[in-house]
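Here is input.cif, consisting of mmCIF, C-alpha atoms:
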```cif
data_structure
#
loop_
_atom_site.label_atom_id
_atom_site.label_comp_id
_atom_site.auth_asym_id
_atom_site.auth_seq_id
_atom_site.Cartn_x
_atom_site.Cartn_y
_atom_site.Cartn_z
CA MET A 243 0.00 0.00 0.00
CA SER A 244 1.35 3.41 -1.01
CA ALA A 245 1.03 6.61 1.00
CA PRO A 246 -2.18 8.42 -0.04
CA ASP A 247 -1.72 11.64 -1.99
CA PRO A 248 -2.20 14.51 0.51
CA MET A 249 -3.89 16.61 -2.18
CA THR A 250 -6.75 14.12 -2.35
CA ALA A 251 -7.62 14.49 1.35
CA PRO A 252 -10.71 16.54 2.28
CA SER A 253 -10.25 20.27 2.82
CA ILE A 254 -10.27 21.50 6.42
CA ARG A 255 -9.43 24.79 8.15
CA TRP A 256 -6.50 24.79 10.54
CA GLY A 257 -5.59 26.96 13.50
CA ILE A 258 -2.00 26.86 14.80
CA LEU A 259 -1.02 27.30 18.46
CA GLY A 260 2.62 28.35 18.58
CA ALA A 261 4.60 30.31 16.01
CA GLY A 262 8.03 28.69 15.95
CA GLY A 263 9.98 26.91 13.24
CA ILE A 264 8.03 23.66 13.30
CA ALA A 265 4.74 25.57 13.04
CA ALA A 266 6.15 27.35 10.00
CA LYS A 267 6.99 24.07 8.30
CA PHE A 268 3.47 22.79 9.00
CA ALA A 269 1.83 25.95 7.67
CA GLU A 270 3.84 25.74 4.46
CA ALA A 271 2.97 22.05 4.04
CA VAL A 272 -0.75 22.75 4.42
CA LYS A 273 -0.64 25.71 2.06
CA ASP A 274 1.50 24.19 -0.69
CA TYR A 275 0.73 20.47 -0.61
CA THR A 276 -2.86 19.98 0.61
CA SER A 277 -6.28 21.36 -0.28
CA SER A 278 -6.67 22.67 3.28
CA SER A 279 -5.81 26.11 4.65
CA VAL A 280 -4.51 27.78 7.80
CA VAL A 281 -6.99 30.43 8.93
CA ALA A 282 -5.48 31.52 12.25
CA VAL A 283 -2.31 31.41 14.34
CA ALA A 284 -1.74 32.29 18.00
CA SER A 285 1.48 33.01 19.86
CA ALA A 286 1.51 33.14 23.64
CA SER A 287 4.73 35.12 23.60
CA SER A 288 3.41 38.12 21.66
CA LEU A 289 0.77 39.28 19.19
CA GLU A 290 3.55 40.71 17.04
CA LYS A 291 5.12 37.27 16.61
CA ALA A 292 1.77 35.83 15.54
CA GLN A 293 1.24 38.71 13.10
CA GLU A 294 4.67 38.22 11.54
CA PHE A 295 3.99 34.49 11.23
CA ALA A 296 0.57 35.03 9.64
CA THR A 297 2.04 37.43 7.08
CA ALA A 298 5.02 35.22 6.25
CA HIS A 299 3.03 32.00 5.88
CA ASP A 300 -0.37 33.18 4.64
CA ALA A 301 -1.81 31.90 7.92
CA GLY A 302 -4.92 34.04 8.24
CA ASP A 303 -5.61 35.99 11.42
CA ALA A 304 -3.18 36.46 14.29
CA TYR A 305 -3.91 36.13 18.01
CA HIS A 306 -2.05 36.50 21.28
CA SER A 307 -4.71 34.38 23.00
CA TYR A 308 -5.13 30.65 22.45
CA GLU A 309 -8.64 30.97 23.86
CA GLU A 310 -9.67 33.40 21.14
CA LEU A 311 -8.34 31.17 18.38
CA VAL A 312 -10.04 27.97 19.54
CA ALA A 313 -13.32 29.87 19.96
CA ARG A 314 -13.49 30.56 16.23
CA GLU A 315 -16.26 28.62 14.53
CA ASP A 316 -14.33 28.40 11.26
CA VAL A 317 -11.41 26.47 12.80
CA ASP A 318 -11.92 22.74 12.25
CA ALA A 319 -8.64 21.46 13.68
CA VAL A 320 -5.82 22.84 15.78
CA TYR A 321 -2.12 22.07 15.41
CA VAL A 322 -0.36 22.30 18.80
CA ALA A 323 3.25 23.39 18.23
CA THR A 324 4.23 24.62 21.70
CA THR A 325 7.14 23.35 23.83
CA HIS A 326 6.98 19.81 25.21
CA ASN A 327 6.21 20.89 28.77
CA ASN A 328 3.08 22.65 27.56
CA HIS A 329 1.43 20.51 24.90
CA HIS A 330 -1.29 19.28 27.22
CA GLU A 331 -2.88 22.56 28.29
CA PRO A 332 -3.32 24.04 24.77
CA ALA A 333 -4.40 20.62 23.46
CA ILE A 334 -7.06 20.21 26.15
CA LEU A 335 -8.18 23.82 25.63
CA ALA A 336 -8.74 23.11 21.93
CA ILE A 337 -10.42 19.77 22.57
CA LYS A 338 -12.84 21.25 25.10
CA ALA A 339 -13.73 23.88 22.51
CA GLY A 340 -14.77 21.02 20.24
CA LYS A 341 -11.74 21.20 17.96
CA HIS A 342 -9.91 18.24 16.48
CA ALA A 343 -6.21 18.31 17.31
CA LEU A 344 -2.83 17.35 15.93
CA VAL A 345 -0.37 17.52 18.84
CA GLU A 346 3.31 17.84 18.06
CA LYS A 347 5.59 15.06 19.19
CA SER A 348 6.53 14.27 21.80
CA PHE A 349 2.78 14.20 22.45
CA ALA A 350 3.29 15.45 26.00
CA GLN A 351 5.92 15.63 28.71
CA ASN A 352 4.92 12.32 30.32
CA SER A 353 2.20 9.69 30.53
CA LEU A 354 0.09 11.66 33.01
CA GLN A 355 -0.24 14.54 30.58
CA THR A 356 -0.80 12.12 27.69
CA ASP A 357 -3.65 10.43 29.52
CA ALA A 358 -5.21 13.82 30.35
CA ILE A 359 -5.25 14.85 26.68
CA LEU A 360 -6.69 11.57 25.48
CA ALA A 361 -9.31 11.47 28.25
CA ALA A 362 -10.48 14.92 27.15
CA ALA A 363 -10.55 13.76 23.52
CA GLU A 364 -12.57 10.68 24.40
CA GLU A 365 -15.10 12.76 26.33
CA ALA A 366 -15.41 15.32 23.52
CA GLY A 367 -15.48 12.74 20.74
CA VAL A 368 -12.98 14.62 18.58
CA PHE A 369 -10.13 13.36 16.41
CA VAL A 370 -6.72 13.66 18.09
CA MET A 371 -3.36 12.44 16.79
CA GLU A 372 0.29 12.74 17.75
CA ALA A 373 2.24 14.52 15.02
CA MET A 374 4.72 11.69 14.44
CA TRP A 375 4.98 12.60 10.77
CA THR A 376 7.41 9.79 9.99
CA ARG A 377 4.73 7.10 10.21
CA HIS A 378 2.81 8.73 7.35
CA LEU A 379 5.70 9.22 4.91
CA PRO A 380 6.01 7.31 1.62
CA HIS A 381 9.20 5.43 2.54
CA VAL A 382 7.68 4.17 5.81
CA TYR A 383 4.58 2.97 3.96
CA GLU A 384 6.97 1.11 1.66
CA LEU A 385 8.88 -0.27 4.65
CA ARG A 386 5.73 -1.64 6.23
CA SER A 387 4.63 -3.17 2.91
CA ALA A 388 8.01 -4.84 2.32
CA ILE A 389 8.03 -6.35 5.80
CA ALA A 390 4.41 -7.51 5.51
CA ALA A 391 5.28 -9.17 2.19
CA GLY A 392 8.08 -11.12 3.89
CA GLU A 393 10.87 -9.56 1.85
CA ILE A 394 13.33 -9.68 4.76
CA GLY A 395 11.77 -12.54 6.73
CA GLU A 396 11.06 -12.13 10.43
CA VAL A 397 12.32 -8.85 11.90
CA THR A 398 15.09 -9.53 14.43
CA CYS A 399 16.62 -6.09 14.97
CA VAL A 400 15.97 -2.40 14.49
CA ILE A 401 18.87 0.05 14.61
CA ALA A 402 18.23 3.79 14.57
CA ASP A 403 19.98 6.91 15.75
CA HIS A 404 19.15 10.58 15.80
CA GLY A 405 21.89 13.02 16.71
CA GLN A 406 21.99 16.75 16.13
CA GLN A 407 24.23 19.49 17.51
CA LEU A 408 21.63 21.60 19.30
CA THR A 409 23.45 22.97 22.32
CA HIS A 410 23.05 26.46 20.82
CA VAL A 411 19.23 26.20 21.11
CA PRO A 412 18.29 27.65 24.52
CA ARG A 413 15.12 25.60 25.09
CA MET A 414 17.02 22.33 24.64
CA ALA A 415 19.07 23.03 27.77
CA ARG A 416 16.11 23.98 29.96
CA ALA A 417 14.63 21.32 32.21
CA ASP A 418 11.60 23.55 32.89
CA LEU A 419 10.75 23.31 29.17
CA ALA A 420 11.30 19.53 29.16
CA GLY A 421 14.51 19.99 27.20
CA GLY A 422 17.14 17.39 26.42
CA ALA A 423 17.65 14.99 23.56
CA LEU A 424 15.05 12.34 24.40
CA LEU A 425 11.71 14.10 23.96
CA ASP A 426 12.84 16.21 21.02
CA LEU A 427 15.06 13.77 19.09
CA GLY A 428 14.97 10.37 20.79
CA VAL A 429 11.25 10.02 20.22
CA TYR A 430 12.04 9.33 16.56
CA PRO A 431 14.16 6.18 16.98
CA ILE A 432 11.87 4.97 19.78
CA SER A 433 8.73 5.43 17.69
CA PHE A 434 10.51 3.89 14.68
CA ALA A 435 11.35 0.75 16.67
CA HIS A 436 7.83 0.66 18.07
CA THR A 437 6.39 0.79 14.54
CA PHE A 438 7.97 -2.57 13.66
CA LEU A 439 8.43 -4.31 17.01
CA GLY A 440 5.88 -2.85 19.41
CA VAL A 441 6.49 -2.78 23.18
CA PRO A 442 9.69 -4.45 24.43
CA THR A 443 9.83 -6.90 27.31
CA SER A 444 12.71 -4.98 28.87
CA VAL A 445 14.54 -1.68 28.42
CA THR A 446 18.15 -0.87 29.30
CA SER A 447 19.25 2.76 29.04
CA VAL A 448 22.30 4.84 29.89
CA GLY A 449 22.48 8.60 29.61
CA GLN A 450 24.87 11.49 29.95
CA LEU A 451 23.27 14.51 31.58
CA SER A 452 24.02 18.22 31.35
CA ASP A 453 24.79 20.38 34.36
CA GLY A 454 21.20 21.59 34.07
CA GLY A 455 19.84 18.08 34.50
CA VAL A 456 18.69 17.30 30.95
CA ASP A 457 19.93 14.43 28.81
CA ASN A 458 22.73 15.31 26.40
CA GLN A 459 22.71 11.82 24.91
CA VAL A 460 21.07 8.47 25.56
CA ALA A 461 21.78 4.92 24.42
CA MET A 462 18.96 2.37 24.64
CA ILE A 463 18.54 -1.37 24.14
CA PHE A 464 15.00 -2.68 23.79
CA ASP A 465 14.67 -6.44 24.19
CA TYR A 466 11.85 -8.52 22.68
CA PRO A 467 11.21 -12.28 22.74
CA ASN A 468 12.83 -12.72 19.30
CA ALA A 469 14.28 -9.32 18.48
CA GLN A 470 16.19 -6.31 19.76
CA ALA A 471 16.32 -2.58 19.05
CA LEU A 472 19.53 -0.58 19.37
CA LEU A 473 18.73 3.11 19.63
CA HIS A 474 20.69 6.30 20.25
CA THR A 475 20.00 10.01 20.49
CA SER A 476 22.20 13.04 21.09
CA MET A 477 21.89 16.80 21.14
CA VAL A 478 25.64 17.41 21.47
CA SER A 479 26.78 15.92 18.16
CA LYS A 480 25.43 15.27 14.70
CA SER A 481 25.27 11.66 13.55
CA ALA A 482 24.43 9.99 10.22
CA ASN A 483 20.77 9.68 11.31
CA THR A 484 20.29 6.41 9.47
CA ALA A 485 18.28 3.31 10.38
CA GLN A 486 18.09 -0.39 9.57
CA VAL A 487 15.34 -2.95 9.90
CA ILE A 488 17.04 -6.35 9.92
CA GLY A 489 15.35 -9.68 9.31
CA THR A 490 16.15 -13.37 8.95
CA LYS A 491 16.31 -13.08 5.14
CA GLY A 492 17.78 -9.62 4.63
CA ARG A 493 17.64 -6.03 5.78
CA ILE A 494 16.16 -2.69 4.81
CA GLU A 495 18.53 0.26 4.99
CA VAL A 496 17.05 3.71 5.51
CA ASP A 497 19.18 6.63 4.42
CA GLY A 498 19.67 9.69 6.57
CA TRP A 499 17.70 11.41 7.81
CA PHE A 500 15.67 8.27 8.41
CA TYR A 501 12.63 10.03 9.89
CA THR A 502 12.32 12.48 6.97
CA PRO A 503 11.29 11.71 3.36
CA THR A 504 14.19 9.58 2.12
CA THR A 505 15.36 6.48 0.25
CA ILE A 506 15.32 2.86 1.40
CA ARG A 507 17.03 -0.25 0.03
CA VAL A 508 16.13 -3.91 0.39
CA VAL A 509 19.43 -5.77 0.79
CA LYS A 510 20.04 -9.54 0.74
CA ASP A 511 23.51 -11.07 1.09
CA ASP A 512 24.90 -7.53 0.81
CA VAL A 513 23.33 -7.11 -2.63
CA THR A 514 20.73 -4.38 -3.15
CA ILE A 515 17.62 -6.11 -4.47
CA ARG A 516 15.59 -2.97 -4.97
CA GLU A 517 15.43 0.66 -3.96
CA PHE A 518 12.54 2.98 -3.19
CA ASP A 519 12.97 6.75 -3.28
CA GLY A 520 10.42 8.37 -0.98
CA SER A 521 11.86 11.85 -1.26
CA VAL A 522 9.26 14.64 -1.34
CA GLU A 523 9.29 18.32 -0.42
CA ASN A 524 8.45 19.20 3.20
CA GLY A 525 6.64 16.01 4.36
CA PHE A 526 4.28 17.44 7.00
CA GLN A 527 1.46 17.36 4.45
CA PHE A 528 1.04 13.61 4.96
CA GLU A 529 0.15 13.91 8.65
CA ALA A 530 -2.08 16.92 7.94
CA ALA A 531 -3.91 14.88 5.31
CA GLU A 532 -4.29 11.96 7.73
CA VAL A 533 -6.09 14.26 10.16
CA ALA A 534 -8.40 15.55 7.42
CA ARG A 535 -9.26 12.01 6.30
CA GLY A 536 -9.89 10.92 9.88
CA ILE A 537 -12.22 13.84 10.56
CA ALA A 538 -14.15 13.21 7.35
CA ALA A 539 -14.53 9.53 8.27
CA GLY A 540 -15.85 10.35 11.73
CA LEU A 541 -12.88 8.77 13.49
CA THR A 542 -11.35 9.85 16.78
CA GLU A 543 -7.93 8.33 16.14
CA SER A 544 -5.67 7.38 13.26
CA PRO A 545 -5.08 3.73 12.35
CA ILE A 546 -1.50 4.72 11.42
CA MET A 547 -0.79 6.59 14.69
CA PRO A 548 -3.42 5.34 17.15
CA TRP A 549 -3.76 6.48 20.75
CA LYS A 550 -2.42 3.14 21.96
CA ALA A 551 0.87 3.73 20.13
CA THR A 552 1.16 7.24 21.56
CA ARG A 553 0.59 5.91 25.08
CA GLU A 554 3.12 3.10 24.62
CA VAL A 555 5.86 5.33 23.19
CA MET A 556 5.35 7.86 25.98
CA ALA A 557 5.53 5.11 28.61
CA LEU A 558 8.82 3.96 27.09
CA MET A 559 10.24 7.48 27.33
CA ASP A 560 9.07 7.74 30.93
CA LEU A 561 10.94 4.51 31.64
CA VAL A 562 14.09 5.65 29.87
CA ARG A 563 14.07 8.94 31.79
CA ALA A 564 13.65 7.06 35.06
CA GLN A 565 16.63 4.86 34.22
CA ILE A 566 18.93 7.76 33.33
CA GLY A 567 17.74 10.03 36.16
CA VAL A 568 15.98 12.88 34.34
CA ARG A 569 13.05 14.54 36.08
CA TYR A 570 11.56 17.87 35.11
CA PRO A 571 10.90 20.54 37.78
CA ASN A 572 7.10 20.22 37.60
CA GLU A 573 7.36 16.46 38.23
CA ARG A 574 9.04 16.83 41.59
#
```
I'd like the structure from this file rewritten - as structure tokens, please.
Amino acid sequence: MSAPDPMTAPSIRWGILGAGGIAAKFAEAVKDYTSSSVVAVASASSLEKAQEFATAHDAGDAYHSYEELVAREDVDAVYVATTHNNHHEPAILAIKAGKHALVEKSFAQNSLQTDAILAAAEEAGVFVMEAMWTRHLPHVYELRSAIAAGEIGEVTCVIADHGQQLTHVPRMARADLAGGALLDLGVYPISFAHTFLGVPTSVTSVGQLSDGGVDNQVAMIFDYPNAQALLHTSMVSKSANTAQVIGTKGRIEVDGWFYTPTTIRVVKDDVTIREFDGSVENGFQFEAAEVARGIAAGLTESPIMPWKATREVMALMDLVRAQIGVRYPNER
């Protein structure tokens, strides 16, 4: 099964909470690669920032208040693009206003916040999805199809790493903003492993922490009855950002950056059997289209990124943080 064309998804009207870089990428994806539109943006930091964003990205009206944005009748769905420590409050605000929601990964700071968002969504009966865009990309559709077809046999190992040099980004160093490598970068290899192997029977993690108490880098081993996952994340150095899914009859190599639109190869006995190029511009349009299709179908969750997967990935990150000794100030 191929990834559905985002342009064929129903048209909906988006509001964006947060006006940072990731919100900009989402706004451009909606505008250029879907039939939907962004009609409003809100920035808690300043009205001026929201106005600049709206002008730069053709994002409709600008607000300083999240409450004003979610009260608009012409907003069908809200994209939550705030910092990790504060996904839950804007998400619940939108949900209680009857809006569908796409909540940026990591979905929340921890499982308690995750459960609060999903409980609100269940009560309101709205569609809510974690914005793990990777699961909706063409090369990951192809990966799932190749594995389902038995091209590499039974999966025995997943290897993935995500390292960027982000020590210059102030929020990454701040524990009060749930900074560190894991929630921002490590969620990608963890969710990637979860896609193909599910929940491990045991987790072993080691981490190196900053003076401010956030994780600079983390190495993880997930153990399964017949498989393992070897995962790494770092915010102090840039890595190749590649991945492999290894099976009893071969392997699938995923070029860097593995979580973005990229190329994969099916390899057997070190010979490339076939290659699939999933490169596309931007990439956020696929998750935006998934939300639009889900809303049109009357769903409350995505079959590609269901609530169960979001809960399981968040629980794994809670466990990893417990093992390496990272706690955020509002958890104490």
How would you write as an MDAnalysis selection string the residues that get within 10 Å of (10.6, -1.5, 5.6) in the file's frame, counting only C-alpha atoms? chainID A and resid 381:391 393:394 397 438 486:488 493:496 506:508
Dump as a PDB file, keeping the file's coordinate frame, selection limited to C-alpha atoms:
```pdb
ATOM      1  CA  HIS A 381       9.200   5.430   2.540  1.00  0.00           C
ATOM      2  CA  VAL A 382       7.680   4.170   5.810  1.00  0.00           C
ATOM      3  CA  TYR A 383       4.580   2.970   3.960  1.00  0.00           C
ATOM      4  CA  GLU A 384       6.970   1.110   1.660  1.00  0.00           C
ATOM      5  CA  LEU A 385       8.880  -0.270   4.650  1.00  0.00           C
ATOM      6  CA  ARG A 386       5.730  -1.640   6.230  1.00  0.00           C
ATOM      7  CA  SER A 387       4.630  -3.170   2.910  1.00  0.00           C
ATOM      8  CA  ALA A 388       8.010  -4.840   2.320  1.00  0.00           C
ATOM      9  CA  ILE A 389       8.030  -6.350   5.800  1.00  0.00           C
ATOM     10  CA  ALA A 390       4.410  -7.510   5.510  1.00  0.00           C
ATOM     11  CA  ALA A 391       5.280  -9.170   2.190  1.00  0.00           C
ATOM     12  CA  GLU A 393      10.870  -9.560   1.850  1.00  0.00           C
ATOM     13  CA  ILE A 394      13.330  -9.680   4.760  1.00  0.00           C
ATOM     14  CA  VAL A 397      12.320  -8.850  11.900  1.00  0.00           C
ATOM     15  CA  PHE A 438       7.970  -2.570  13.660  1.00  0.00           C
ATOM     16  CA  GLN A 486      18.090  -0.390   9.570  1.00  0.00           C
ATOM     17  CA  VAL A 487      15.340  -2.950   9.900  1.00  0.00           C
ATOM     18  CA  ILE A 488      17.040  -6.350   9.920  1.00  0.00           C
ATOM     19  CA  ARG A 493      17.640  -6.030   5.780  1.00  0.00           C
ATOM     20  CA  ILE A 494      16.160  -2.690   4.810  1.00  0.00           C
ATOM     21  CA  GLU A 495      18.530   0.260   4.990  1.00  0.00           C
ATOM     22  CA  VAL A 496      17.050   3.710   5.510  1.00  0.00           C
ATOM     23  CA  ILE A 506      15.320   2.860   1.400  1.00  0.00           C
ATOM     24  CA  ARG A 507      17.030  -0.250   0.030  1.00  0.00           C
ATOM     25  CA  VAL A 508      16.130  -3.910   0.390  1.00  0.00           C
TER      26      VAL A 508
END
```
In Å, rounded to a single decimal, give me how far CA of Ala301 in chain A is from CA of Ala363 in chain A. 25.5 Å
Counting all atoms listed in the file, which residues in range 394-430 of chain A sit no more than 10 Å from range 334-354 of chain A? For each one, give the nearest pair of atoms and the distance in Å, sorted by chain then residue number, as a tab-separated table.
```
residue	atom	partner	partner_atom	distance
A:Leu419	CA	A:Gln351	CA	9.1
A:Ala420	CA	A:Gln351	CA	6.7
A:Gly421	CA	A:Gln351	CA	9.8
A:Leu424	CA	A:Ser348	CA	9.1
A:Leu425	CA	A:Ser348	CA	5.6
A:Asp426	CA	A:Ser348	CA	6.6
A:Leu427	CA	A:Ser348	CA	9.0
A:Gly428	CA	A:Ser348	CA	9.4
A:Val429	CA	A:Ser348	CA	6.5
A:Tyr430	CA	A:Lys347	CA	9.0
```
If you keep C-alpha atoms, can you produce a file of those selected residues as an mmCIF file, keeping the file's coordinate frame?
```cif
data_model
loop_
_atom_site.group_PDB
_atom_site.id
_atom_site.type_symbol
_atom_site.label_atom_id
_atom_site.label_comp_id
_atom_site.auth_asym_id
_atom_site.auth_seq_id
_atom_site.Cartn_x
_atom_site.Cartn_y
_atom_site.Cartn_z
ATOM 1 C CA LEU A 419 10.750 23.310 29.170
ATOM 2 C CA ALA A 420 11.300 19.530 29.160
ATOM 3 C CA GLY A 421 14.510 19.990 27.200
ATOM 4 C CA LEU A 424 15.050 12.340 24.400
ATOM 5 C CA LEU A 425 11.710 14.100 23.960
ATOM 6 C CA ASP A 426 12.840 16.210 21.020
ATOM 7 C CA LEU A 427 15.060 13.770 19.090
ATOM 8 C CA GLY A 428 14.970 10.370 20.790
ATOM 9 C CA VAL A 429 11.250 10.020 20.220
ATOM 10 C CA TYR A 430 12.040 9.330 16.560
#
```
Result set of the PyMOL selection byres ((chain A and resi 558) around 12) on the coordinates above, as a ChimeraX atom specification: /A:348,352-353,424-425,428-429,431-433,435-436,440-447,462-464,551-557,559-565
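Residues lying at most 6 Å from (-10.9, 18.1, 5.8) in file coordinates, with all atoms listed in the file considered, are Pro252, Ser253, Ile254 and Ala534 of chain A.
Considering the residues A:Ala471, A:Val400, A:Ala373, A:Leu379 and counting all atoms listed in the file, Ser244 in chain A has its shortest atom-to-atom contact with A:Leu379.
Interatomic distance, CA of Val460 in chain A to CA of Thr475 in chain A: 5.4 Å.
Taking CA of Ala271 in chain A and CA of Ala485 in chain A as the two end points, the separation is 25.0 Å.
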Chain and number of each residue from the PyMOL selection byres ((chain A and resi 299) around 7), as a PyMOL selection string: chain A and resi 266+269-270+295-298+300-301
Given all atoms listed in the file as the basis, pick out the residue of A:Ala417, A:His378, A:Met249, A:Phe500 nearest to His404 in chain A. A:Phe500
Please evaluate the PyMOL selection byres ((chain A and resi 531) around 8) against the structure above and give the resulting residues as a PDB file with C-alpha atoms, in the coordinates of the input.
```
ATOM      1  CA  PRO A 248      -2.200  14.510   0.510  1.00  0.00           C
ATOM      2  CA  MET A 249      -3.890  16.610  -2.180  1.00  0.00           C
ATOM      3  CA  ALA A 251      -7.620  14.490   1.350  1.00  0.00           C
ATOM      4  CA  PRO A 252     -10.710  16.540   2.280  1.00  0.00           C
ATOM      5  CA  THR A 276      -2.860  19.980   0.610  1.00  0.00           C
ATOM      6  CA  GLN A 527       1.460  17.360   4.450  1.00  0.00           C
ATOM      7  CA  PHE A 528       1.040  13.610   4.960  1.00  0.00           C
ATOM      8  CA  GLU A 529       0.150  13.910   8.650  1.00  0.00           C
ATOM      9  CA  ALA A 530      -2.080  16.920   7.940  1.00  0.00           C
ATOM     10  CA  GLU A 532      -4.290  11.960   7.730  1.00  0.00           C
ATOM     11  CA  VAL A 533      -6.090  14.260  10.160  1.00  0.00           C
ATOM     12  CA  ALA A 534      -8.400  15.550   7.420  1.00  0.00           C
ATOM     13  CA  ARG A 535      -9.260  12.010   6.300  1.00  0.00           C
TER      14      ARG A 535
END
```
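When all atoms listed in the file are used to measure the gap to Val317 in chain A, the shortest distance among A:Thr542, A:Thr356, A:Ser279, A:Thr502 belongs to A:Ser279.
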